[in-house]
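The file coords06.pdb comes next; it holds PDB, C-alpha atoms.
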```
MODEL        1
ATOM      1  CA  THR A   1     -19.749   2.490   1.192
ATOM      2  CA  GLY A   2     -19.612   2.316   4.970
ATOM      3  CA  THR A   3     -22.539   2.081   7.338
ATOM      4  CA  ASP A   4     -21.596   5.403   8.993
ATOM      5  CA  PRO A   5     -21.067   8.119   6.353
ATOM      6  CA  SER A   6     -19.965  10.601   9.030
ATOM      7  CA  LEU A   7     -16.685   8.709   9.536
ATOM      8  CA  PRO A   8     -13.644   9.720   7.491
ATOM      9  CA  PRO A   9     -12.840   7.193   4.741
ATOM     10  CA  LEU A  10      -9.993   4.724   4.561
ATOM     11  CA  VAL A  11      -7.964   4.880   1.324
ATOM     12  CA  VAL A  12      -6.233   1.747   0.019
ATOM     13  CA  MET A  13      -3.906   2.482  -2.884
ATOM     14  CA  THR A  14      -1.372   0.923  -5.198
ATOM     15  CA  PRO A  15       0.283   1.972  -8.425
ATOM     16  CA  ARG A  16      -0.757  -0.201 -11.353
ATOM     17  CA  SER A  17       1.801   0.875 -13.930
ATOM     18  CA  GLY A  18       5.544   0.512 -14.184
ATOM     19  CA  TRP A  19       8.398  -0.126 -16.526
ATOM     20  CA  TYR A  20       8.411  -3.210 -18.744
ATOM     21  CA  GLY A  21       6.425  -6.261 -17.586
ATOM     22  CA  CYS A  22       6.925  -5.365 -13.890
ATOM     23  CA  ALA A  23       5.652  -8.702 -12.521
ATOM     24  CA  SER A  24       7.472  -8.313  -9.216
ATOM     25  CA  GLU A  25       7.551  -4.514  -9.224
ATOM     26  CA  ARG A  26       3.743  -4.215  -9.244
ATOM     27  CA  GLY A  27       2.354  -7.758  -8.941
ATOM     28  CA  GLY A  28       2.532  -8.145  -5.155
ATOM     29  CA  GLY A  29       0.983  -4.750  -4.467
ATOM     30  CA  ILE A  30      -1.842  -5.332  -6.920
ATOM     31  CA  ALA A  31      -2.489  -8.792  -5.428
ATOM     32  CA  CYS A  32      -2.684  -7.293  -1.918
ATOM     33  CA  TRP A  33      -4.940  -4.473  -3.133
ATOM     34  CA  LEU A  34      -7.345  -6.938  -4.767
ATOM     35  CA  GLU A  35      -7.368  -9.255  -1.751
ATOM     36  CA  VAL A  36      -8.143  -6.403   0.657
ATOM     37  CA  MET A  37     -10.939  -5.303  -1.672
ATOM     38  CA  ARG A  38     -12.344  -8.847  -1.836
ATOM     39  CA  ALA A  39     -12.206  -9.351   1.919
ATOM     40  CA  LEU A  40     -13.775  -6.002   2.832
ATOM     41  CA  ARG A  41     -16.534  -6.477   0.285
ATOM     42  CA  LEU A  42     -17.684  -9.484   2.315
ATOM     43  CA  VAL A  43     -18.237  -7.420   5.481
ATOM     44  CA  ARG A  44     -20.042  -4.185   6.253
ATOM     45  CA  PRO A  45     -17.332  -1.719   7.350
ATOM     46  CA  ARG A  46     -18.363   1.272   9.417
ATOM     47  CA  ARG A  47     -16.360   3.705   7.305
ATOM     48  CA  SER A  48     -16.306   3.998   3.521
ATOM     49  CA  ILE A  49     -13.240   2.694   1.739
ATOM     50  CA  LEU A  50     -11.738   4.175  -1.399
ATOM     51  CA  PHE A  51      -9.661   1.800  -3.528
ATOM     52  CA  VAL A  52      -7.239   3.577  -5.841
ATOM     53  CA  ALA A  53      -5.032   1.897  -8.458
ATOM     54  CA  SER A  54      -3.192   4.768 -10.082
ATOM     55  CA  GLY A  55      -1.255   5.061 -13.306
ATOM     56  CA  GLY A  56       1.697   7.283 -14.012
ATOM     57  CA  HIS A  57       3.796   6.088 -11.088
ATOM     58  CA  GLU A  58       6.880   6.160 -13.264
ATOM     59  CA  LEU A  59       6.020   9.706 -14.404
ATOM     60  CA  GLY A  60       6.106  11.550 -11.103
ATOM     61  CA  HIS A  61       3.013   9.924  -9.567
ATOM     62  CA  LEU A  62       0.664  11.526 -12.098
ATOM     63  CA  GLY A  63      -2.263   9.239 -11.286
ATOM     64  CA  ILE A  64      -2.396   9.713  -7.532
ATOM     65  CA  ASN A  65      -1.826  13.444  -7.947
ATOM     66  CA  ALA A  66      -4.825  13.635 -10.311
ATOM     67  CA  PHE A  67      -6.934  11.614  -7.845
ATOM     68  CA  VAL A  68      -6.019  13.954  -4.974
ATOM     69  CA  ASP A  69      -6.460  17.124  -7.058
ATOM     70  CA  ARG A  70     -10.053  16.111  -7.879
ATOM     71  CA  ARG A  71     -10.911  15.514  -4.222
ATOM     72  CA  PRO A  72      -9.994  18.534  -2.104
ATOM     73  CA  GLY A  73      -9.348  17.590   1.511
ATOM     74  CA  ILE A  74      -9.098  13.840   0.877
ATOM     75  CA  VAL A  75      -5.451  13.553   1.930
ATOM     76  CA  ALA A  76      -5.752  14.942   5.447
ATOM     77  CA  GLY A  77      -9.431  13.989   5.726
ATOM     78  CA  ALA A  78      -8.953  10.218   5.471
ATOM     79  CA  VAL A  79      -8.543   8.164   8.637
ATOM     80  CA  ALA A  80      -5.501   6.581   6.965
ATOM     81  CA  TRP A  81      -3.966   5.684   3.625
ATOM     82  CA  VAL A  82      -2.688   2.146   3.111
ATOM     83  CA  HIS A  83      -0.059   2.133   0.360
ATOM     84  CA  PHE A  84       1.188  -0.984  -1.413
ATOM     85  CA  GLY A  85       4.512   0.120  -2.837
ATOM     86  CA  ALA A  86       6.824  -1.558  -5.290
ATOM     87  CA  ASN A  87       8.376  -5.004  -5.043
ATOM     88  CA  ILE A  88       6.148  -6.653  -2.422
ATOM     89  CA  GLY A  89       7.094 -10.325  -2.568
ATOM     90  CA  ALA A  90       9.853  -9.976  -5.147
ATOM     91  CA  ALA A  91      11.818 -13.231  -5.317
ATOM     92  CA  THR A  92      15.173 -11.819  -6.383
ATOM     93  CA  GLU A  93      16.019  -9.695  -3.349
ATOM     94  CA  PRO A  94      13.761 -10.281  -0.345
ATOM     95  CA  GLY A  95      13.240  -7.473   2.128
ATOM     96  CA  ASN A  96      10.989  -4.545   2.857
ATOM     97  CA  ARG A  97      10.845  -1.028   4.207
ATOM     98  CA  LEU A  98       7.969   0.135   6.391
ATOM     99  CA  GLN A  99       6.978   3.785   6.100
ATOM    100  CA  ALA A 100       4.389   5.260   8.444
ATOM    101  CA  SER A 101       3.311   8.719   9.456
ATOM    102  CA  ALA A 102       2.646   7.723  13.064
ATOM    103  CA  ASP A 103       3.758   5.169  15.626
ATOM    104  CA  VAL A 104       0.246   3.775  15.985
ATOM    105  CA  LEU A 105       0.058   2.849  12.280
ATOM    106  CA  ASP A 106       3.585   1.444  12.333
ATOM    107  CA  ASP A 107       2.709  -0.635  15.395
ATOM    108  CA  MET A 108      -0.527  -1.906  13.845
ATOM    109  CA  LEU A 109       1.138  -3.050  10.628
ATOM    110  CA  SER A 110       4.140  -4.472  12.493
ATOM    111  CA  ARG A 111       1.824  -6.648  14.619
ATOM    112  CA  GLU A 112      -0.095  -7.851  11.560
ATOM    113  CA  MET A 113       3.133  -8.632   9.723
ATOM    114  CA  SER A 114       4.487 -10.546  12.713
ATOM    115  CA  SER A 115       1.244 -12.553  12.915
ATOM    116  CA  ALA A 116       1.671 -13.381   9.206
ATOM    117  CA  GLN A 117       5.290 -14.464   9.808
ATOM    118  CA  LEU A 118       6.784 -11.424   8.080
ATOM    119  CA  ASN A 119       9.607  -9.251   9.388
ATOM    120  CA  VAL A 120      10.070  -5.520   9.069
ATOM    121  CA  ASP A 121      13.571  -5.134   7.637
ATOM    122  CA  LEU A 122      13.835  -1.335   7.719
ATOM    123  CA  ARG A 123      11.770   1.506   9.152
ATOM    124  CA  VAL A 124      11.827   4.966   7.652
ATOM    125  CA  PRO A 125      12.228   7.529  10.459
ATOM    126  CA  ARG A 126       9.141   9.656  11.222
ATOM    127  CA  GLY A 127       9.103  12.898   9.306
ATOM    128  CA  THR A 128      11.221  11.511   6.448
ATOM    129  CA  ILE A 129       9.643  11.939   3.021
ATOM    130  CA  PRO A 130       8.551   8.402   2.101
ATOM    131  CA  GLY A 131       9.065   6.684  -1.229
ATOM    132  CA  GLY A 132       6.318   5.998  -3.751
ATOM    133  CA  GLU A 133       2.829   7.448  -3.706
ATOM    134  CA  ALA A 134       2.937   7.764   0.084
ATOM    135  CA  GLU A 135       4.972  10.907  -0.624
ATOM    136  CA  VAL A 136       1.786  12.623  -1.864
ATOM    137  CA  VAL A 137       0.007  11.750   1.382
ATOM    138  CA  HIS A 138       2.990  12.842   3.486
ATOM    139  CA  ARG A 139       3.203  16.232   1.766
ATOM    140  CA  GLY A 140      -0.538  16.704   2.244
ATOM    141  CA  GLU A 141      -0.205  15.958   5.982
ATOM    142  CA  GLY A 142      -2.230  12.756   5.767
ATOM    143  CA  ARG A 143      -1.860   9.599   7.841
ATOM    144  CA  TYR A 144      -0.311   6.648   6.023
ATOM    145  CA  VAL A 145       1.299   3.264   6.342
ATOM    146  CA  SER A 146       3.278   1.793   3.480
ATOM    147  CA  ILE A 147       5.442  -1.158   2.522
ATOM    148  CA  ILE A 148       8.041  -1.058  -0.233
ATOM    149  CA  GLY A 149      10.167  -4.088  -1.062
ATOM    150  CA  ARG A 150      13.573  -4.596  -2.627
ATOM    151  CA  ASN A 151      14.116  -6.125  -6.030
ATOM    152  CA  ALA A 152      17.144  -6.901  -8.187
ATOM    153  CA  LEU A 153      14.807  -6.752 -11.213
ATOM    154  CA  PHE A 154      13.391  -3.290 -10.446
ATOM    155  CA  HIS A 155      12.886  -1.376 -13.724
ATOM    156  CA  ASN A 156      14.347  -4.313 -15.633
ATOM    157  CA  PRO A 157      12.947  -5.988 -18.776
ATOM    158  CA  GLU A 158      13.503  -9.389 -17.100
ATOM    159  CA  ASP A 159      10.894  -8.590 -14.432
ATOM    160  CA  ARG A 160       8.340 -11.043 -15.785
ATOM    161  CA  GLY A 161       7.013 -14.508 -15.177
ATOM    162  CA  PRO A 162       6.394 -16.515 -12.020
ATOM    163  CA  GLN A 163      10.098 -16.797 -11.178
ATOM    164  CA  ALA A 164      10.170 -13.051 -10.386
ATOM    165  CA  ILE A 165       7.769 -13.345  -7.425
ATOM    166  CA  ASP A 166       7.428 -15.319  -4.212
ATOM    167  CA  SER A 167       3.721 -16.158  -4.066
ATOM    168  CA  GLY A 168       3.979 -17.400  -0.463
ATOM    169  CA  VAL A 169       5.366 -14.067   0.721
ATOM    170  CA  ILE A 170       2.726 -12.180  -1.261
ATOM    171  CA  ALA A 171       0.008 -14.326   0.344
ATOM    172  CA  ARG A 172       1.362 -13.503   3.817
ATOM    173  CA  PHE A 173       1.357  -9.773   2.985
ATOM    174  CA  CYS A 174      -2.255 -10.171   1.790
ATOM    175  CA  THR A 175      -3.143 -11.683   5.176
ATOM    176  CA  ALA A 176      -1.384  -8.921   7.112
ATOM    177  CA  PHE A 177      -2.876  -6.066   5.113
ATOM    178  CA  THR A 178      -6.376  -7.546   5.059
ATOM    179  CA  SER A 179      -6.319  -7.719   8.846
ATOM    180  CA  LEU A 180      -4.961  -4.165   9.103
ATOM    181  CA  ALA A 181      -7.540  -2.742   6.686
ATOM    182  CA  THR A 182     -10.348  -4.595   8.452
ATOM    183  CA  LYS A 183      -9.344  -2.973  11.741
ATOM    184  CA  LEU A 184      -8.932   0.490  10.190
ATOM    185  CA  SER A 185     -12.305   0.219   8.442
ATOM    186  CA  GLY A 186     -14.150  -0.313  11.696
ATOM    187  CA  THR A 187     -15.648  -3.727  11.001
TER
ENDMDL
END
```
Can I see the file as structure tokens?
Amino acid sequence: TGTDPSLPPLVVMTPRSGWYGCASERGGGIACWLEVMRALRLVRPRRSILFVASGGHELGHLGINAFVDRRPGIVAGAVAWVHFGANIGAATEPGNRLQASADVLDDMLSREMSSAQLNVDLRVPRGTIPGGEAEVVHRGEGRYVSIIGRNALFHNPEDRGPQAIDSGVIARFCTAFTSLATKLSGT
């Protein structure tokens, strides 16, 4: 809960389900989500923050759709949605795709990634329907920023164990997203 309830909330989301063990498909996003939650719990943000870990990603985004359906106006009413997509820090095929609804959010995340020694490998053009749960926010005319990685083990039974992830890359994404969320939360 933020110190100023009149401010629109920040939403930080990640899918928590996937196919098979999905260590690299979901592990990096969940790690980032938890780290942002831990870091923001230690400060008093001005705006409230909603943390959403949805199920049903692999079934047409059922979880995030249910979350949005129960909260009319949340999509467009949030200051921004931060989406941790699939394959953040996957070891088998490094790379990422930044998706953002606006230049300002793209610029903010790009600066934080650069500070954390991460590159943006691909940018989705504005107006393009993004991948993952950010699609729900896009269709609802909300503001979002999202990272999705690449992964040779995506939807593969071998996506398990520590060899599937790059913990150093995940840690750098945690640093970048914690800084971004701190700024968006108004602390």
Inset, instruction - Take the point (15.0, -0.6, -18.5) in the file's coordinates, draw a sphere of radius 9 Å around it, and report as a PyMOL selection string every protein, DNA or RNA residue with an atom inside or on it, counting all atoms listed in the file. - result: chain A and resi 19-20+154-157
Report as lines of an AutoDock Vina configuration file the centre and the edge lengths, in Å to one decimal, of the axis-aligned box holding every listed atom of region 147-156 of chain A, padded by 6 Å on each side.
```
center_x = 11.3
center_y = -4.0
center_z = -6.6
size_x = 23.7
size_y = 17.8
size_z = 30.2
```
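The interatomic distance for the pair CA of Asp107 (chain A) and CA of Thr182 (chain A) works out to 15.3 Å.
Going from CA of Asp159 (chain A) over to CA of Thr175 (chain A), you cover 24.3 Å.
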Legend entry - Shell around Arg126 (chain A) at 10 Å using all atoms listed in the file, local window under 3 positions removed, as a PyMOL selection string: chain A and resi 99-103+106+123+129-130
Legend entry - For Arg160 (chain A): contacts at 8 Å, only C-alpha atoms, fewer than 3 positions along chain excluded, given as a list of chain:residue names: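 So, after excluding close chain neighbours, the residues are A:Gly21, A:Cys22, A:Ala23, A:Ser24, A:Pro157, A:Gln163, A:Ala164.
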Legend entry - Distance query Leu40 (chain A) at most 12 Å, only C-alpha atoms, self and fewer than 4 positions along chain excluded, as an MDAnalysis selection string: chainID A and resid 1:2 10 12 33:36 44:51 177:187
Legend entry - Point-to-point distance in Å for CA of Gly168 (chain A) and CA of Gly63 (chain A):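 Answer for the CA of Gly63 (chain A) to CA of Gly168 (chain A) separation: 29.4 Å.
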Inset, instruction - For Ala91 (chain A), please output as JSON, numbers by chain all residues within 9 Å (counting all atoms listed in the file; exclusion window: fewer than 2 positions along the same chain). - result: {"A": [24, 87, 89, 93, 94, 151, 152, 163, 164, 165, 166, 167, 169]}
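Here the question is which of A:Val68, A:Ala76, A:Ile30, A:Leu7 gets nearest to Glu141 (chain A) using all atoms listed in the file, and that residue is A:Ala76.
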Legend entry - Top pick for closest residue to Leu59 (chain A), considering A:Gly132, A:Val137, A:Glu25, A:Val82 and counting all atoms listed in the file: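 Looking at the shortest contact to Leu59 (chain A), the residue is A:Gly132.
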Legend entry - A:Leu98, A:Ile147, A:Ala39, A:Ile170 ranked by distance to Met13 (chain A), top pick (using only C-alpha atoms):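 The answer is A:Ile147, which sits nearest to Met13 (chain A).
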Legend entry - Nearest-residue call for Val104 (chain A), choices A:Arg143, A:Arg16, A:His83, A:Arg41, using all atoms listed in the file: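 Going through A:Arg143, A:Arg16, A:His83, A:Arg41 one by one, the smallest distance to Val104 (chain A) is for A:Arg143.
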Legend entry - Top pick for closest residue to Val75 (chain A), considering A:Glu133, A:Asp121, A:Asp4, A:Glu112 and counting all atoms listed in the file: A:Glu133
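Residue nearest Ala134 (chain A) within the list A:Ser17, A:Asn65, A:Thr3, A:Asn119: A:Asn65 [criterion: smallest interatomic distance, all atoms listed in the file].
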What would the file be for region 68-79 of chain A if you keep N, CA, C and O atoms and write it as a PDB file, in the first residue's frame?
```pdb
ATOM      1  N   VAL A  68      -7.767  -9.233 -14.415  1.00  0.00           N
ATOM      2  CA  VAL A  68      -8.273  -7.996 -15.019  1.00  0.00           C
ATOM      3  C   VAL A  68      -9.806  -7.952 -14.985  1.00  0.00           C
ATOM      4  O   VAL A  68     -10.402  -6.910 -14.671  1.00  0.00           O
ATOM      5  N   ASP A  69     -10.445  -9.069 -15.277  1.00  0.00           N
ATOM      6  CA  ASP A  69     -11.916  -9.109 -15.292  1.00  0.00           C
ATOM      7  C   ASP A  69     -12.514  -8.775 -13.930  1.00  0.00           C
ATOM      8  O   ASP A  69     -13.603  -8.205 -13.848  1.00  0.00           O
ATOM      9  N   ARG A  70     -11.800  -9.109 -12.859  1.00  0.00           N
ATOM     10  CA  ARG A  70     -12.304  -8.844 -11.499  1.00  0.00           C
ATOM     11  C   ARG A  70     -12.015  -7.422 -11.022  1.00  0.00           C
ATOM     12  O   ARG A  70     -12.442  -7.046  -9.929  1.00  0.00           O
ATOM     13  N   ARG A  71     -11.270  -6.670 -11.817  1.00  0.00           N
ATOM     14  CA  ARG A  71     -10.880  -5.318 -11.419  1.00  0.00           C
ATOM     15  C   ARG A  71     -11.138  -4.339 -12.564  1.00  0.00           C
ATOM     16  O   ARG A  71     -10.207  -3.904 -13.239  1.00  0.00           O
ATOM     17  N   PRO A  72     -12.377  -3.982 -12.791  1.00  0.00           N
ATOM     18  CA  PRO A  72     -12.687  -3.069 -13.895  1.00  0.00           C
ATOM     19  C   PRO A  72     -11.859  -1.782 -13.810  1.00  0.00           C
ATOM     20  O   PRO A  72     -11.701  -1.197 -12.745  1.00  0.00           O
ATOM     21  N   GLY A  73     -11.294  -1.394 -14.932  1.00  0.00           N
ATOM     22  CA  GLY A  73     -10.523  -0.166 -15.018  1.00  0.00           C
ATOM     23  C   GLY A  73      -9.056  -0.294 -14.630  1.00  0.00           C
ATOM     24  O   GLY A  73      -8.300   0.669 -14.772  1.00  0.00           O
ATOM     25  N   ILE A  74      -8.642  -1.463 -14.152  1.00  0.00           N
ATOM     26  CA  ILE A  74      -7.254  -1.600 -13.681  1.00  0.00           C
ATOM     27  C   ILE A  74      -6.245  -1.478 -14.817  1.00  0.00           C
ATOM     28  O   ILE A  74      -5.168  -0.935 -14.628  1.00  0.00           O
ATOM     29  N   VAL A  75      -6.585  -1.943 -16.006  1.00  0.00           N
ATOM     30  CA  VAL A  75      -5.602  -1.937 -17.095  1.00  0.00           C
ATOM     31  C   VAL A  75      -5.208  -0.511 -17.451  1.00  0.00           C
ATOM     32  O   VAL A  75      -4.039  -0.139 -17.370  1.00  0.00           O
ATOM     33  N   ALA A  76      -6.159   0.304 -17.832  1.00  0.00           N
ATOM     34  CA  ALA A  76      -5.855   1.676 -18.221  1.00  0.00           C
ATOM     35  C   ALA A  76      -5.621   2.577 -17.013  1.00  0.00           C
ATOM     36  O   ALA A  76      -4.986   3.617 -17.127  1.00  0.00           O
ATOM     37  N   GLY A  77      -6.096   2.166 -15.839  1.00  0.00           N
ATOM     38  CA  GLY A  77      -5.982   2.993 -14.647  1.00  0.00           C
ATOM     39  C   GLY A  77      -4.640   2.930 -13.939  1.00  0.00           C
ATOM     40  O   GLY A  77      -4.345   3.782 -13.108  1.00  0.00           O
ATOM     41  N   ALA A  78      -3.823   1.939 -14.245  1.00  0.00           N
ATOM     42  CA  ALA A  78      -2.509   1.824 -13.600  1.00  0.00           C
ATOM     43  C   ALA A  78      -1.523   2.796 -14.231  1.00  0.00           C
ATOM     44  O   ALA A  78      -1.603   3.091 -15.425  1.00  0.00           O
ATOM     45  N   VAL A  79      -0.580   3.282 -13.439  1.00  0.00           N
ATOM     46  CA  VAL A  79       0.451   4.168 -13.987  1.00  0.00           C
ATOM     47  C   VAL A  79       1.276   3.413 -15.017  1.00  0.00           C
ATOM     48  O   VAL A  79       1.679   3.968 -16.035  1.00  0.00           O
TER      49      VAL A  79
END
```
